[in-house]
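Colleague: Below is the file my_file-v4.cif, which contains mmCIF, C-alpha atoms.
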```cif
data_protein
#
loop_
_atom_site.group_PDB
_atom_site.id
_atom_site.type_symbol
_atom_site.label_atom_id
_atom_site.label_comp_id
_atom_site.auth_asym_id
_atom_site.auth_seq_id
_atom_site.Cartn_x
_atom_site.Cartn_y
_atom_site.Cartn_z
ATOM 1 C CA TYR S 131 4.087 16.999 9.556
ATOM 2 C CA ALA S 132 3.046 15.950 6.055
ATOM 3 C CA ASP S 133 0.521 13.536 4.571
ATOM 4 C CA SER S 134 2.089 10.134 4.075
ATOM 5 C CA GLU S 135 0.792 6.778 2.854
ATOM 6 C CA ASP S 136 2.251 4.000 4.954
ATOM 7 C CA PRO S 137 1.573 0.277 5.317
ATOM 8 C CA GLY S 138 -1.121 -0.322 7.953
ATOM 9 C CA LEU S 139 0.103 -3.696 9.194
ATOM 10 C CA THR S 140 -1.788 -5.782 11.760
ATOM 11 C CA VAL S 141 0.107 -8.652 13.376
ATOM 12 C CA ARG S 142 -0.514 -11.332 16.007
ATOM 13 C CA PHE S 143 1.336 -11.453 19.316
ATOM 14 C CA PRO S 144 0.650 -15.028 20.593
ATOM 15 C CA LEU S 145 0.043 -15.114 24.356
ATOM 16 C CA VAL S 146 2.355 -17.370 26.370
ATOM 17 C CA ASP S 147 -0.092 -18.456 29.077
ATOM 18 C CA ARG S 148 -3.285 -18.489 27.017
ATOM 19 C CA PRO S 149 -3.119 -21.184 24.289
ATOM 20 C CA ASN S 150 -4.568 -20.274 20.866
ATOM 21 C CA GLU S 151 -5.033 -16.634 21.938
ATOM 22 C CA SER S 152 -3.200 -13.654 20.415
ATOM 23 C CA LEU S 153 -3.174 -9.896 20.749
ATOM 24 C CA LEU S 154 -3.940 -8.038 17.514
ATOM 25 C CA VAL S 155 -1.432 -5.204 17.207
ATOM 26 C CA TRP S 156 -1.251 -2.527 14.502
ATOM 27 C CA THR S 157 1.609 -0.389 13.203
ATOM 28 C CA THR S 158 2.381 1.903 10.271
ATOM 29 C CA THR S 159 6.134 1.416 10.767
ATOM 30 C CA PRO S 160 6.881 -2.280 10.134
ATOM 31 C CA TRP S 161 10.632 -1.604 10.300
ATOM 32 C CA THR S 162 10.256 -1.053 14.073
ATOM 33 C CA LEU S 163 8.737 -4.502 14.736
ATOM 34 C CA PRO S 164 12.068 -6.319 15.319
ATOM 35 C CA ALA S 165 12.691 -3.847 18.170
ATOM 36 C CA ASN S 166 9.364 -4.518 19.935
ATOM 37 C CA VAL S 167 9.512 -4.900 23.714
ATOM 38 C CA ALA S 168 5.891 -4.435 24.852
ATOM 39 C CA ALA S 169 2.245 -4.096 23.838
ATOM 40 C CA ALA S 170 0.299 -1.226 25.401
ATOM 41 C CA VAL S 171 -3.389 -1.020 26.323
ATOM 42 C CA HIS S 172 -5.465 1.713 27.917
ATOM 43 C CA PRO S 173 -6.463 0.435 31.372
ATOM 44 C CA GLU S 174 -9.987 1.887 31.218
ATOM 45 C CA LEU S 175 -10.952 0.993 27.642
ATOM 46 C CA ALA S 176 -12.906 -2.196 26.916
ATOM 47 C CA TYR S 177 -11.156 -5.095 25.195
ATOM 48 C CA VAL S 178 -12.808 -8.143 23.686
ATOM 49 C CA ARG S 179 -11.757 -11.688 22.890
ATOM 50 C CA VAL S 180 -13.169 -12.826 19.563
ATOM 51 C CA ARG S 181 -13.194 -16.181 17.833
ATOM 52 C CA GLN S 182 -12.320 -16.267 14.160
ATOM 53 C CA GLY S 183 -12.000 -19.780 12.777
ATOM 54 C CA GLU S 184 -9.639 -21.624 15.104
ATOM 55 C CA ASP S 185 -8.069 -18.397 16.390
ATOM 56 C CA GLU S 186 -9.018 -16.291 19.412
ATOM 57 C CA LEU S 187 -7.936 -12.660 19.136
ATOM 58 C CA TRP S 188 -7.840 -9.758 21.622
ATOM 59 C CA VAL S 189 -8.684 -6.289 20.290
ATOM 60 C CA GLY S 190 -10.053 -2.979 21.543
ATOM 61 C CA LYS S 191 -13.867 -3.062 21.514
ATOM 62 C CA GLY S 192 -14.067 0.349 19.857
ATOM 63 C CA ALA S 193 -11.730 -0.788 17.057
ATOM 64 C CA LEU S 194 -13.481 -4.113 16.505
ATOM 65 C CA LYS S 195 -15.291 -3.412 13.232
ATOM 66 C CA SER S 196 -12.300 -1.906 11.451
ATOM 67 C CA ALA S 197 -9.556 -4.100 12.948
ATOM 68 C CA VAL S 198 -11.032 -7.595 12.627
ATOM 69 C CA LYS S 199 -11.561 -8.713 9.044
ATOM 70 C CA ASP S 200 -14.370 -11.060 7.981
ATOM 71 C CA SER S 201 -16.812 -12.737 10.368
ATOM 72 C CA PHE S 202 -16.121 -13.283 14.068
ATOM 73 C CA GLU S 203 -17.834 -14.102 17.356
ATOM 74 C CA VAL S 204 -17.329 -12.061 20.554
ATOM 75 C CA LEU S 205 -16.528 -14.369 23.484
ATOM 76 C CA GLU S 206 -15.550 -12.045 26.335
ATOM 77 C CA GLU S 207 -15.186 -8.385 27.329
ATOM 78 C CA VAL S 208 -12.809 -7.013 29.992
ATOM 79 C CA PRO S 209 -11.168 -3.659 30.845
ATOM 80 C CA GLY S 210 -7.653 -3.086 29.552
ATOM 81 C CA SER S 211 -6.329 -3.317 33.115
ATOM 82 C CA ALA S 212 -7.154 -7.065 33.028
ATOM 83 C CA LEU S 213 -4.633 -7.597 30.212
ATOM 84 C CA VAL S 214 -1.725 -5.840 31.941
ATOM 85 C CA GLY S 215 1.109 -8.246 32.711
ATOM 86 C CA TRP S 216 0.173 -10.865 30.140
ATOM 87 C CA ARG S 217 3.244 -12.313 28.426
ATOM 88 C CA TYR S 218 3.557 -12.928 24.700
ATOM 89 C CA ARG S 219 6.115 -14.251 22.250
ATOM 90 C CA TRP S 220 7.193 -12.479 19.110
ATOM 91 C CA ALA S 221 8.652 -13.312 15.723
ATOM 92 C CA TYR S 222 12.020 -11.704 16.413
ATOM 93 C CA ASP S 223 12.819 -13.027 19.887
ATOM 94 C CA ALA S 224 15.777 -15.030 18.527
ATOM 95 C CA LEU S 225 17.581 -12.015 17.023
ATOM 96 C CA PRO S 226 20.908 -11.560 18.871
ATOM 97 C CA ALA S 227 20.193 -7.878 19.651
ATOM 98 C CA VAL S 228 16.796 -8.743 21.149
ATOM 99 C CA ARG S 229 18.012 -11.780 23.071
ATOM 100 C CA SER S 230 20.907 -9.799 24.543
ATOM 101 C CA ALA S 231 18.704 -6.884 25.672
ATOM 102 C CA PHE S 232 16.144 -9.189 27.263
ATOM 103 C CA GLU S 233 18.712 -11.369 29.036
ATOM 104 C CA GLU S 234 20.572 -8.328 30.346
ATOM 105 C CA ASN S 235 17.345 -6.886 31.774
ATOM 106 C CA ARG S 236 15.786 -10.238 32.786
ATOM 107 C CA TYR S 237 12.769 -9.196 30.775
ATOM 108 C CA GLU S 238 9.987 -10.852 28.757
ATOM 109 C CA HIS S 239 7.515 -9.343 26.293
ATOM 110 C CA ARG S 240 4.456 -8.219 28.234
ATOM 111 C CA VAL S 241 1.343 -6.084 28.115
ATOM 112 C CA ILE S 242 1.681 -2.679 29.802
ATOM 113 C CA GLU S 243 -0.773 0.142 30.431
ATOM 114 C CA TRP S 244 -0.453 3.508 28.710
ATOM 115 C CA GLN S 245 -2.931 6.363 29.043
ATOM 116 C CA ASP S 246 -2.120 7.583 25.504
ATOM 117 C CA VAL S 247 -3.591 4.481 23.826
ATOM 118 C CA THR S 248 -6.769 5.212 21.824
ATOM 119 C CA GLU S 249 -9.194 3.322 19.589
ATOM 120 C CA ASP S 250 -9.194 6.023 16.896
ATOM 121 C CA GLU S 251 -6.988 3.917 14.627
ATOM 122 C CA GLY S 252 -5.516 0.455 14.607
ATOM 123 C CA THR S 253 -6.584 -2.209 17.098
ATOM 124 C CA GLY S 254 -6.536 -0.417 20.456
ATOM 125 C CA ILE S 255 -3.335 -2.312 21.318
ATOM 126 C CA VAL S 256 -0.118 -0.425 20.581
ATOM 127 C CA HIS S 257 3.247 -1.895 19.554
ATOM 128 C CA VAL S 258 5.975 -0.366 21.759
ATOM 129 C CA ALA S 259 9.561 -0.061 20.463
ATOM 130 C CA PRO S 260 11.498 2.337 22.720
ATOM 131 C CA GLY S 261 14.572 2.351 20.458
ATOM 132 C CA ALA S 262 12.546 3.567 17.471
ATOM 133 C CA GLY S 263 10.314 6.410 18.673
ATOM 134 C CA ALA S 264 10.377 9.361 21.065
ATOM 135 C CA GLU S 265 7.070 8.622 22.852
ATOM 136 C CA ASP S 266 7.963 4.957 23.246
ATOM 137 C CA PHE S 267 11.366 5.925 24.646
ATOM 138 C CA GLN S 268 9.838 8.212 27.275
ATOM 139 C CA LEU S 269 7.437 5.431 28.241
ATOM 140 C CA SER S 270 10.327 2.993 28.579
ATOM 141 C CA LYS S 271 12.124 5.345 30.968
ATOM 142 C CA SER S 272 9.103 5.564 33.252
ATOM 143 C CA LEU S 273 8.508 1.779 33.257
ATOM 144 C CA GLY S 274 12.086 0.497 33.082
ATOM 145 C CA LEU S 275 11.632 -1.248 29.727
ATOM 146 C CA PRO S 276 14.672 -2.400 27.731
ATOM 147 C CA VAL S 277 15.587 -0.221 24.751
ATOM 148 C CA ILE S 278 16.574 -1.931 21.490
ATOM 149 C CA ALA S 279 17.857 0.625 18.966
ATOM 150 C CA PRO S 280 17.712 -1.067 15.548
ATOM 151 C CA LEU S 281 19.181 1.535 13.166
ATOM 152 C CA ARG S 282 22.393 3.373 12.389
ATOM 153 C CA GLU S 283 22.153 7.111 11.750
ATOM 154 C CA ASP S 284 21.843 6.458 8.000
ATOM 155 C CA GLY S 285 18.672 4.390 8.532
ATOM 156 C CA HIS S 286 20.232 0.952 7.991
ATOM 157 C CA TYR S 287 19.888 -1.881 10.485
ATOM 158 C CA LEU S 288 22.712 -2.422 12.930
ATOM 159 C CA PRO S 289 24.506 -5.760 13.415
ATOM 160 C CA GLY S 290 22.570 -8.151 15.649
ATOM 161 C CA PHE S 291 19.443 -8.184 13.488
ATOM 162 C CA ASP S 292 20.337 -11.238 11.400
ATOM 163 C CA TRP S 293 19.014 -11.011 7.810
ATOM 164 C CA LEU S 294 17.933 -7.400 8.394
ATOM 165 C CA SER S 295 21.426 -6.173 9.330
ATOM 166 C CA GLY S 296 22.722 -3.648 6.787
ATOM 167 C CA LEU S 297 19.346 -3.202 5.066
ATOM 168 C CA ASP S 298 17.699 0.214 4.616
ATOM 169 C CA ALA S 299 14.669 0.451 6.944
ATOM 170 C CA HIS S 300 12.613 2.176 4.228
ATOM 171 C CA GLY S 301 12.867 -0.850 1.952
ATOM 172 C CA VAL S 302 12.112 -3.754 4.283
ATOM 173 C CA THR S 303 8.314 -3.703 4.586
ATOM 174 C CA ALA S 304 7.667 -6.347 1.911
ATOM 175 C CA ARG S 305 10.347 -8.664 3.328
ATOM 176 C CA ILE S 306 9.079 -8.288 6.898
ATOM 177 C CA VAL S 307 5.500 -8.953 5.787
ATOM 178 C CA GLU S 308 6.604 -12.045 3.859
ATOM 179 C CA ASP S 309 8.599 -13.280 6.851
ATOM 180 C CA LEU S 310 5.656 -12.789 9.229
ATOM 181 C CA GLU S 311 3.271 -14.502 6.806
ATOM 182 C CA GLN S 312 5.522 -17.540 6.528
ATOM 183 C CA ARG S 313 5.784 -17.873 10.307
ATOM 184 C CA GLY S 314 2.139 -17.261 11.210
ATOM 185 C CA PHE S 315 2.397 -13.813 12.837
ATOM 186 C CA PHE S 316 0.772 -11.834 10.003
ATOM 187 C CA TYR S 317 -2.905 -10.818 10.141
ATOM 188 C CA HIS S 318 -3.713 -8.003 7.683
ATOM 189 C CA LEU S 319 -2.110 -5.302 5.534
ATOM 190 C CA GLU S 320 -3.675 -2.255 3.887
ATOM 191 C CA PRO S 321 -2.423 1.223 2.872
ATOM 192 C CA TYR S 322 -2.994 3.909 5.495
ATOM 193 C CA THR S 323 -2.854 7.664 4.851
ATOM 194 C CA HIS S 324 -2.095 9.917 7.814
ATOM 195 C CA ARG S 325 -0.197 13.036 8.865
ATOM 196 C CA TYR S 326 3.258 11.990 10.000
ATOM 197 C CA PRO S 327 6.326 13.897 11.253
ATOM 198 C CA HIS S 328 9.233 14.126 8.814
ATOM 199 C CA CYS S 329 12.665 15.544 9.607
ATOM 200 C CA TRP S 330 13.346 18.580 7.408
ATOM 201 C CA ARG S 331 17.092 18.056 7.850
ATOM 202 C CA CYS S 332 17.024 14.749 5.960
#
```
Please rewrite the model in this file as structure tokens.

Modeller:
Amino acid sequence: YADSEDPGLTVRFPLVDRPNESLLVWTTTPWTLPANVAAAVHPELAYVRVRQGEDELWVGKGALKSAVKDSFEVLEEVPGSALVGWRYRWAYDALPAVRSAFEENRYEHRVIEWQDVTEDEGTGIVHVAPGAGAEDFQLSKSLGLPVIAPLREDGHYLPGFDWLSGLDAHGVTARIVEDLEQRGFFYHLEPYTHRYPHCWRC
């Protein structure tokens, strides 16, 4: 583990069955976002729906002040268990690798419960990409989630990821942010310093 400054990126996951409502989801690894399969909440934590302009956003109550920027109005509070099963759409659903994995598993993006979710950082809602992280992979095995592995061993995107294919994962943050901004999925970006595991072999 070493101190690392990474992009703290907050994005919107628009809910399928709840018009004008989105989950606010945070990550320090934007390169993993095209491989997203689920959003995780803690079943016993409180979550709130807030209105901000014309948008309604879901976020962990304990993360509210740091996660939601500018003024907002709290509309509703429920336990995380109430969100489990909600379906959402995502910016990269049309990527061939994603479409193939979802069709093969007859799966849709959904909210799942995970006891490891906290409100210590981010939004209280965790982006889950089983093909891009050890903890996420173990979770996927226990819940039967599809696994989308986005990278070759040299850290470049595999075929099936459209404009990302062949790009180095370490250099795509700005392009992913720009893409999400253009398509309405972006919420906020700020530098985030934390202790992060690095592989001494590479």

Colleague: Write out as number ranges by chain which residues come within 10 Å of stretch 309-321 of chain S when counting all atoms listed in the file, dropping same-chain ones fewer than 4 positions away.

Modeller: S: 135-144, 152, 154-158, 197-199, 220-222, 303-305

Colleague: Of the candidates S:Phe202, S:Leu275, S:Pro280, S:Gly252, which shows the shortest atom-to-atom distance to S:Asp292, using only C-alpha atoms?

Modeller: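 Among the listed residues, the smallest separation from S:Asp292 belongs to S:Pro280.
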
Colleague: Between atom CA of S:Lys271 and atom CA of S:Asp246, what is the distance, to one decimal in Å?

Modeller: 15.4 Å

Colleague: From the list S:Glu186, S:Leu175, S:Glu151, S:Val277, which residue is nearest S:Phe232 when using only C-alpha atoms?

Modeller: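 Residue with the minimum atom-to-atom distance to S:Phe232: S:Val277.
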
Colleague: Give me the residues within 9 Å of stretch 233-239 of chain S as JSON, numbers by chain, counting all atoms listed in the file and dropping any in the same chain fewer than 4 places off.

Modeller: {"S": [166, 167, 168, 169, 216, 217, 218, 219, 220, 228, 229, 275, 276]}

Colleague: Please determine an axis-aligned box that encloses all atoms of stretch 157-176 of chain S listed in the file, with 6 Å added on each side, and express its centre and edge lengths in Å to one decimal as JSON.

Modeller:
```
{"center_x": -0.1, "center_y": -2.2, "center_z": 20.8, "size_x": 37.6, "size_y": 20.2, "size_z": 33.2}
```

Colleague: Kindly indicate which residue among S:Val146, S:Glu207, S:Thr253, S:Ala170 lies nearest to S:Lys195, using all atoms listed in the file for the distances.

Modeller: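 The shortest atom-to-atom distance to S:Lys195 comes from S:Thr253.
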
Colleague: I'd like the residues picked by the PyMOL selection byres ((chain S and resi 190) around 8) written out as an mmCIF file with C-alpha atoms, in the frame of the given file, using the chain letters and numbers from the file.

Modeller:
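What ended up in result_25.cif:
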```
data_model
loop_
_atom_site.group_PDB
_atom_site.id
_atom_site.type_symbol
_atom_site.label_atom_id
_atom_site.label_comp_id
_atom_site.auth_asym_id
_atom_site.auth_seq_id
_atom_site.Cartn_x
_atom_site.Cartn_y
_atom_site.Cartn_z
ATOM 1 C CA LEU S 175 -10.952 0.993 27.642
ATOM 2 C CA ALA S 176 -12.906 -2.196 26.916
ATOM 3 C CA TYR S 177 -11.156 -5.095 25.195
ATOM 4 C CA VAL S 178 -12.808 -8.143 23.686
ATOM 5 C CA TRP S 188 -7.840 -9.758 21.622
ATOM 6 C CA VAL S 189 -8.684 -6.289 20.290
ATOM 7 C CA LYS S 191 -13.867 -3.062 21.514
ATOM 8 C CA GLY S 192 -14.067 0.349 19.857
ATOM 9 C CA ALA S 193 -11.730 -0.788 17.057
ATOM 10 C CA LEU S 194 -13.481 -4.113 16.505
ATOM 11 C CA GLU S 249 -9.194 3.322 19.589
ATOM 12 C CA THR S 253 -6.584 -2.209 17.098
ATOM 13 C CA GLY S 254 -6.536 -0.417 20.456
ATOM 14 C CA ILE S 255 -3.335 -2.312 21.318
#
```

Colleague: Step by step, work through what the PyMOL selection byres ((chain S and resi 302) around 12) selects in the shown file, and finish by giving those residues as a list in words.

Modeller: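 Checked against the file, the PyMOL selection byres ((chain S and resi 302) around 12) matches Pro137, Thr159, Pro160, Trp161, Thr162, Leu163, Pro164, Gly285, His286, Tyr287, Trp293, Leu294, Ser295, Gly296, Leu297, Asp298, Ala299, His300, Gly301, Thr303, Ala304, Arg305, Ile306, Val307, Glu308 and Asp309 of chain S.
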
Colleague: I'd like the residues picked by the PyMOL selection byres ((chain S and resi 227) around 8) written out as a ChimeraX atom specification, using the chain letters and numbers from the file.

Modeller: /S:225-226,228-231,278,289-291

Colleague: Step by step: start from the point (-3.1, -7.7, 30.3) in the file's coordinates, keep every protein, DNA or RNA residue that has an atom no farther than 8 Å from it, count all atoms listed in the file, and write the set as an MDAnalysis selection string.

Modeller: chainID S and resid 171 210:216 240:242

Colleague: How would stretch 174-189 of chain S of the given structure read as a file with C-alpha atoms, as an mmCIF file, in the first residue's frame?

Modeller:
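Okay, this is what ended up in result_29.cif:
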```cif
data_model
loop_
_atom_site.group_PDB
_atom_site.id
_atom_site.type_symbol
_atom_site.label_atom_id
_atom_site.label_comp_id
_atom_site.auth_asym_id
_atom_site.auth_seq_id
_atom_site.Cartn_x
_atom_site.Cartn_y
_atom_site.Cartn_z
ATOM 1 C CA GLU S 174 -29.017 -1.433 7.184
ATOM 2 C CA LEU S 175 -27.655 2.030 6.367
ATOM 3 C CA ALA S 176 -30.037 4.920 5.668
ATOM 4 C CA TYR S 177 -30.357 6.248 2.124
ATOM 5 C CA VAL S 178 -32.039 9.466 1.071
ATOM 6 C CA ARG S 179 -33.630 10.791 -2.094
ATOM 7 C CA VAL S 180 -32.743 14.431 -2.659
ATOM 8 C CA ARG S 181 -33.958 16.977 -5.168
ATOM 9 C CA GLN S 182 -31.368 19.124 -6.882
ATOM 10 C CA GLY S 183 -32.801 21.282 -9.647
ATOM 11 C CA GLU S 184 -34.791 18.953 -11.884
ATOM 12 C CA ASP S 185 -32.870 15.873 -10.723
ATOM 13 C CA GLU S 186 -33.671 13.455 -7.898
ATOM 14 C CA LEU S 187 -30.627 11.619 -6.559
ATOM 15 C CA TRP S 188 -30.188 8.666 -4.171
ATOM 16 C CA VAL S 189 -27.212 8.771 -1.793
#
```
